[in-house]
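File shown here: run-v1.txt, holding compact mmCIF, C-alpha atoms.
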# COMPACT_ATOMS: atom_id res chain seq x y z
CA MET J 142 32.19 -5.69 15.47
CA THR J 143 32.91 -5.53 11.76
CA MET J 144 31.78 -8.15 9.29
CA ASN J 145 34.61 -10.01 7.60
CA LEU J 146 33.09 -11.52 4.47
CA GLY J 147 36.46 -12.70 3.25
CA ALA J 148 36.79 -15.07 6.21
CA ILE J 149 33.88 -17.29 5.13
CA PRO J 150 35.19 -20.87 4.74
CA LEU J 151 34.87 -22.60 1.38
CA PHE J 152 32.40 -25.20 2.65
CA ASP J 153 30.16 -22.44 4.04
CA LEU J 154 30.21 -20.73 0.64
CA PHE J 155 29.28 -24.03 -0.99
CA THR J 156 26.29 -24.54 1.30
CA LEU J 157 25.21 -20.92 0.72
CA ALA J 158 25.34 -21.46 -3.03
CA LEU J 159 23.35 -24.67 -2.60
CA LEU J 160 20.74 -22.77 -0.58
CA VAL J 161 20.26 -20.18 -3.33
CA LEU J 162 20.23 -22.85 -6.03
CA ALA J 163 17.60 -24.88 -4.15
CA TRP J 164 15.47 -21.75 -3.72
CA LEU J 165 15.60 -20.97 -7.43
CA ALA J 166 15.05 -24.60 -8.46
CA ALA J 167 12.08 -25.13 -6.12
CA GLY J 168 10.43 -21.97 -7.44
CA TRP J 169 10.99 -22.84 -11.07
CA PHE J 170 9.86 -26.45 -10.64
CA SER J 171 6.68 -25.37 -8.82
CA GLU J 172 5.77 -22.86 -11.53
CA HIS J 173 6.85 -25.08 -14.46
CA PRO J 174 5.88 -28.60 -13.42
CA PRO J 175 5.77 -31.55 -15.82
CA GLN J 176 2.36 -31.86 -17.47
CA SER J 177 2.07 -35.42 -16.21
CA HIS J 178 2.35 -34.28 -12.58
CA PRO J 179 1.17 -30.67 -12.11
CA SER J 180 1.88 -28.77 -8.91
CA VAL J 181 -0.73 -27.31 -6.56
CA SER J 182 0.18 -23.80 -7.73
CA TRP J 183 -0.35 -24.79 -11.35
CA LEU J 184 -3.66 -26.54 -10.60
CA MET J 185 -4.98 -23.54 -8.71
CA GLU J 186 -4.59 -21.36 -11.79
CA ASP J 187 -7.52 -23.16 -13.45
CA TYR J 188 -9.63 -22.72 -10.31
CA ARG J 189 -8.91 -19.01 -10.31
CA ARG J 190 -10.13 -18.81 -13.91
CA ASP J 191 -13.22 -20.83 -12.94
CA TRP J 192 -13.80 -18.38 -10.09
CA MET J 193 -13.87 -15.39 -12.42
CA ARG J 194 -16.13 -17.12 -14.93
CA THR J 195 -18.56 -17.97 -12.12
CA PHE J 196 -18.22 -14.42 -10.80
CA VAL J 197 -19.83 -13.04 -13.98
CA THR J 198 -23.17 -14.72 -13.30
CA ARG J 199 -23.17 -14.59 -9.49
CA GLN J 200 -25.64 -12.14 -7.97
CA PRO J 201 -24.97 -10.48 -5.65
CA ARG J 202 -21.18 -10.36 -5.84
CA ILE J 203 -20.54 -9.63 -2.18
CA PHE J 204 -18.88 -13.01 -1.65
CA ASP J 205 -16.30 -12.31 -4.36
CA ALA J 206 -15.54 -8.85 -2.99
CA THR J 207 -15.05 -10.33 0.49
CA LEU J 208 -12.78 -13.05 -0.86
CA ILE J 209 -10.50 -10.72 -2.80
CA ASP J 210 -10.32 -8.46 0.26
CA SER J 211 -9.23 -11.41 2.42
CA LEU J 212 -6.45 -12.17 -0.08
CA ARG J 213 -5.23 -8.59 0.18
CA GLN J 214 -5.33 -8.75 3.97
CA GLY J 215 -3.27 -11.94 3.90
CA THR J 216 -0.56 -10.37 1.78
CA ALA J 217 -0.57 -7.27 3.99
CA PHE J 218 -0.12 -9.44 7.08
CA PHE J 219 2.89 -11.26 5.64
CA ALA J 220 4.40 -8.00 4.38
CA SER J 221 4.11 -6.50 7.86
CA ALA J 222 5.60 -9.62 9.44
CA CYS J 223 8.55 -9.47 7.03
CA MET J 224 9.19 -5.82 7.88
CA ILE J 225 9.27 -6.67 11.59
CA ALA J 226 11.56 -9.65 10.98
CA ILE J 227 13.92 -7.56 8.83
CA GLY J 228 14.07 -4.98 11.61
CA GLY J 229 14.94 -7.73 14.07
CA GLY J 230 17.68 -9.04 11.80
CA ILE J 231 19.18 -5.58 11.40
CA ALA J 232 19.05 -5.15 15.18
CA VAL J 233 21.00 -8.39 15.56
CA ILE J 234 23.66 -7.09 13.16
CA GLY J 235 23.75 -3.76 14.99
CA ASN J 236 24.39 -5.58 18.29
CA ALA J 237 26.53 -8.31 16.78
CA ALA J 238 29.15 -8.14 19.52
CA ALA J 239 26.64 -8.90 22.27
CA VAL J 240 24.98 -11.62 20.21
CA GLN J 241 28.39 -13.13 19.41
CA ARG J 242 29.24 -13.35 23.11
CA LEU J 243 25.90 -15.03 23.75
CA SER J 244 26.42 -17.47 20.90
CA GLU J 245 29.80 -18.50 22.28
CA GLU J 246 27.98 -19.92 25.29
CA LEU J 247 25.73 -22.04 23.08
CA PRO J 248 26.59 -25.22 21.15
CA ILE J 249 27.04 -23.26 17.92
CA THR J 250 29.95 -24.11 15.67
CA GLY J 251 32.57 -21.63 14.58
CA GLY J 252 33.01 -19.93 11.24
CA PRO J 253 31.78 -16.45 10.31
CA ASP J 254 30.35 -14.28 13.05
CA VAL J 255 26.63 -14.00 13.70
CA ALA J 256 26.32 -10.71 11.79
CA VAL J 257 27.50 -12.38 8.58
CA LYS J 258 25.21 -15.36 9.12
CA MET J 259 22.21 -13.05 9.38
CA LEU J 260 22.77 -11.52 5.94
CA PRO J 261 21.15 -14.31 3.86
CA VAL J 262 18.22 -14.38 6.28
CA ILE J 263 17.63 -10.67 5.80
CA GLY J 264 18.11 -11.05 2.05
CA PHE J 265 15.39 -13.70 1.77
CA LEU J 266 13.07 -11.68 4.00
CA ALA J 267 13.63 -8.57 1.89
CA ASN J 268 12.78 -10.52 -1.25
CA ALA J 269 9.65 -11.88 0.45
CA LEU J 270 8.62 -8.36 1.45
CA LEU J 271 8.92 -7.12 -2.14
CA LYS J 272 6.90 -10.08 -3.44
CA PHE J 273 4.13 -9.59 -0.87
CA VAL J 274 3.92 -5.85 -1.56
CA TRP J 275 3.61 -6.52 -5.29
CA ALA J 276 1.03 -9.27 -4.70
CA HIS J 277 -0.98 -6.87 -2.54
CA ARG J 278 -0.95 -4.31 -5.32
CA LEU J 279 -1.93 -6.89 -7.95
CA PHE J 280 -4.85 -8.13 -5.87
CA GLY J 281 -5.93 -4.49 -5.77
CA TYR J 282 -5.75 -4.33 -9.57
CA CYS J 283 -7.78 -7.53 -9.69
CA SER J 284 -10.50 -6.05 -7.49
CA ILE J 285 -10.76 -3.02 -9.80
CA LEU J 286 -11.07 -5.24 -12.86
CA MET J 287 -13.73 -7.26 -11.07
CA ALA J 288 -15.63 -4.06 -10.36
CA ALA J 289 -15.42 -3.25 -14.07
CA VAL J 290 -17.21 -6.48 -15.05
CA PRO J 291 -20.72 -5.56 -16.29
CA ASN J 292 -23.65 -6.95 -14.31
CA ASP J 293 -25.24 -8.29 -17.47
CA PRO J 294 -23.58 -11.64 -18.42
CA ALA J 295 -24.70 -11.06 -22.01
CA ASP J 296 -22.56 -7.93 -22.25
CA PRO J 297 -19.63 -8.58 -24.65
CA LEU J 298 -17.21 -7.12 -22.10
CA ALA J 299 -18.37 -9.29 -19.19
CA PHE J 300 -16.30 -12.43 -19.74
CA HIS J 301 -13.42 -10.48 -21.27
CA ARG J 302 -13.10 -8.35 -18.12
CA ALA J 303 -13.45 -11.48 -15.99
CA SER J 304 -10.64 -13.15 -17.94
CA GLN J 305 -8.43 -10.13 -17.38
CA ALA J 306 -9.17 -10.24 -13.66
CA ALA J 307 -8.35 -13.96 -13.57
CA GLU J 308 -4.93 -13.47 -15.15
CA ILE J 309 -4.08 -10.63 -12.77
CA ASN J 310 -5.27 -12.82 -9.90
CA ILE J 311 -2.98 -15.62 -11.06
CA THR J 312 -0.01 -13.25 -11.34
CA ALA J 313 -0.69 -11.95 -7.82
CA ALA J 314 -0.86 -15.51 -6.50
CA LYS J 315 2.50 -16.31 -8.11
CA SER J 316 4.08 -13.33 -6.40
CA PHE J 317 2.49 -14.33 -3.10
CA ASN J 318 3.79 -17.90 -3.43
CA ARG J 319 7.26 -16.61 -4.23
CA GLY J 320 7.16 -14.58 -1.06
CA LEU J 321 6.17 -17.65 0.95
CA ARG J 322 9.03 -19.65 -0.55
CA SER J 323 11.45 -16.91 0.43
CA ILE J 324 10.22 -17.17 4.02
CA TYR J 325 10.83 -20.93 3.97
CA TYR J 326 14.40 -20.37 2.83
CA ALA J 327 14.93 -17.53 5.31
CA LEU J 328 14.14 -20.08 8.01
CA ALA J 329 16.51 -22.52 6.32
CA ALA J 330 19.22 -19.84 6.30
CA LEU J 331 18.92 -19.60 10.09
CA GLY J 332 20.44 -23.07 10.16
CA TRP J 333 23.78 -21.41 9.39
CA LEU J 334 23.88 -20.36 13.03
CA LEU J 335 24.58 -24.04 13.70
CA GLY J 336 27.31 -24.12 11.09
CA PRO J 337 27.43 -25.20 7.43
CA TRP J 338 25.90 -28.58 8.21
CA GLY J 339 22.99 -26.83 9.90
CA LEU J 340 22.55 -24.69 6.79
CA LEU J 341 22.67 -27.78 4.59
CA MET J 342 20.07 -29.57 6.69
CA GLY J 343 17.86 -26.48 6.71
CA THR J 344 18.07 -26.28 2.92
CA VAL J 345 17.17 -29.95 2.49
CA LEU J 346 14.29 -29.66 4.97
CA ALA J 347 12.82 -26.49 3.43
CA THR J 348 13.09 -27.90 -0.09
CA GLY J 349 11.57 -31.22 0.92
CA ILE J 350 8.60 -29.54 2.60
CA LEU J 351 7.94 -27.30 -0.42
CA ILE J 352 8.19 -30.12 -2.94
CA ARG J 353 5.96 -32.41 -0.87
CA ARG J 354 3.28 -29.76 -0.46
CA GLU J 355 3.33 -28.92 -4.16
CA PHE J 356 3.49 -32.46 -5.56
CA ALA J 357 2.61 -35.06 -2.92
CA SER J 358 0.17 -33.54 -0.44
CA LEU J 359 -3.37 -34.59 0.39
CA SER J 360 -4.61 -31.14 -0.60
CA ARG J 361 -3.16 -31.70 -4.07
CA GLU J 362 -5.13 -34.92 -4.43
CA VAL J 363 -8.33 -33.09 -3.47
CA ILE J 364 -7.64 -30.20 -5.86
CA LEU J 365 -6.76 -32.60 -8.65
CA SER J 366 -10.27 -34.14 -8.56
CA ARG J 367 -11.99 -31.47 -10.61
CA GLU J 368 -14.91 -33.74 -11.52
CA PRO J 369 -17.07 -35.78 -9.07
Output the structure of this file as structure tokens.
Amino acid sequence: MTMNLGAIPLFDLFTLALLVLAWLAAGWFSEHPPQSHPSVSWLMEDYRRDWMRTFVTRQPRIFDATLIDSLRQGTAFFASACMIAIGGGIAVIGNAAAVQRLSEELPITGGPDVAVKMLPVIGFLANALLKFVWAHRLFGYCSILMAAVPNDPADPLAFHRASQAAEINITAAKSFNRGLRSIYYALAALGWLLGPWGLLMGTVLATGILIRREFASLSREVILSREP
């Protein structure tokens, strides 16, 4: 089976464009929230800086080493999961004829064939994989900078090195969060298997979940209370 991209209906193209626009808008809004209502991602940046300032005077520093290692393991897990999912998506495209016959027996609307509908899913997963790989590498840079922090808090380099580590940590977290958002929208893109309305509903659902967790969740209220 060959993929006929030119046969995609106009309404399907509109919902695809809306999916991409929602993905970009949700990411930008989460990383650039209004000062009057900061997002969880924005609030956590200050806690990461607090972590590195506390790290300078903490002895021993085993806890910090364990924590940064757990962050690297988390990014490695998601990167591996994305690779497996991408392989599955490519396998679906490679066996599109069989999958198309199966889909015809299910209550799935018409439109482009299954192989075409899997392309945005694989695209989002590929983007997520790249973000997780980069986050994993940045967390590695952060661990090296942490190791370079002198044991003596009075050393002029101590807090400077810790500040450098904090900023790299924040950059890694941004990349990790971008990868997670791509996974959300990869799941939303699967709604296209149910037709353009399924894709539209998936987009609305994924965007609503992300916005709620960034701006209206209980965890945000807890994080926002920096002082007792």
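Going from CA of Ile309 (chain J) over to CA of Thr348 (chain J), you cover 27.5 Å.
Distances here use only C-alpha atoms; by that measure, the residue among J:Phe280, J:Phe356, J:Phe273, J:Phe300 closest to Trp183 (chain J) is J:Phe356.
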*So which residues touch region 256-265 of chain J within 6 Å, counting all atoms listed in the file, skipping near sequence neighbours fewer than 4 positions away, as number ranges by chain?*
J: 227, 234, 237, 323, 327, 330
*Please provide as an MDAnalysis selection string all residues within 9 Å of Ala307 (chain J), with the sequence filter that same-chain residues fewer than 6 positions apart are discarded (counting only C-alpha atoms).*
chainID J and resid 186 189:194 283 287
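Here CA of Ile364 (chain J) stands at a distance of 23.5 Å from CA of Ala166 (chain J).
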*Using all atoms listed in the file, which of the listed residues (J:Ser211, J:Ser180, J:Ser171, J:Ser284) sits closest to Glu362 (chain J)?*
J:Ser180
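Compared by their closest atoms to Asp153 (chain J), and using only C-alpha atoms, the residues J:Pro337, J:Gly229, J:Gly332, J:Gly343 rank with J:Pro337 nearest.
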*Of the listed residues J:Leu160, J:Ala167, J:Ala329, J:Leu266, that which approaches Arg353 (chain J) most closely, counting all atoms listed in the file*: J:Ala167
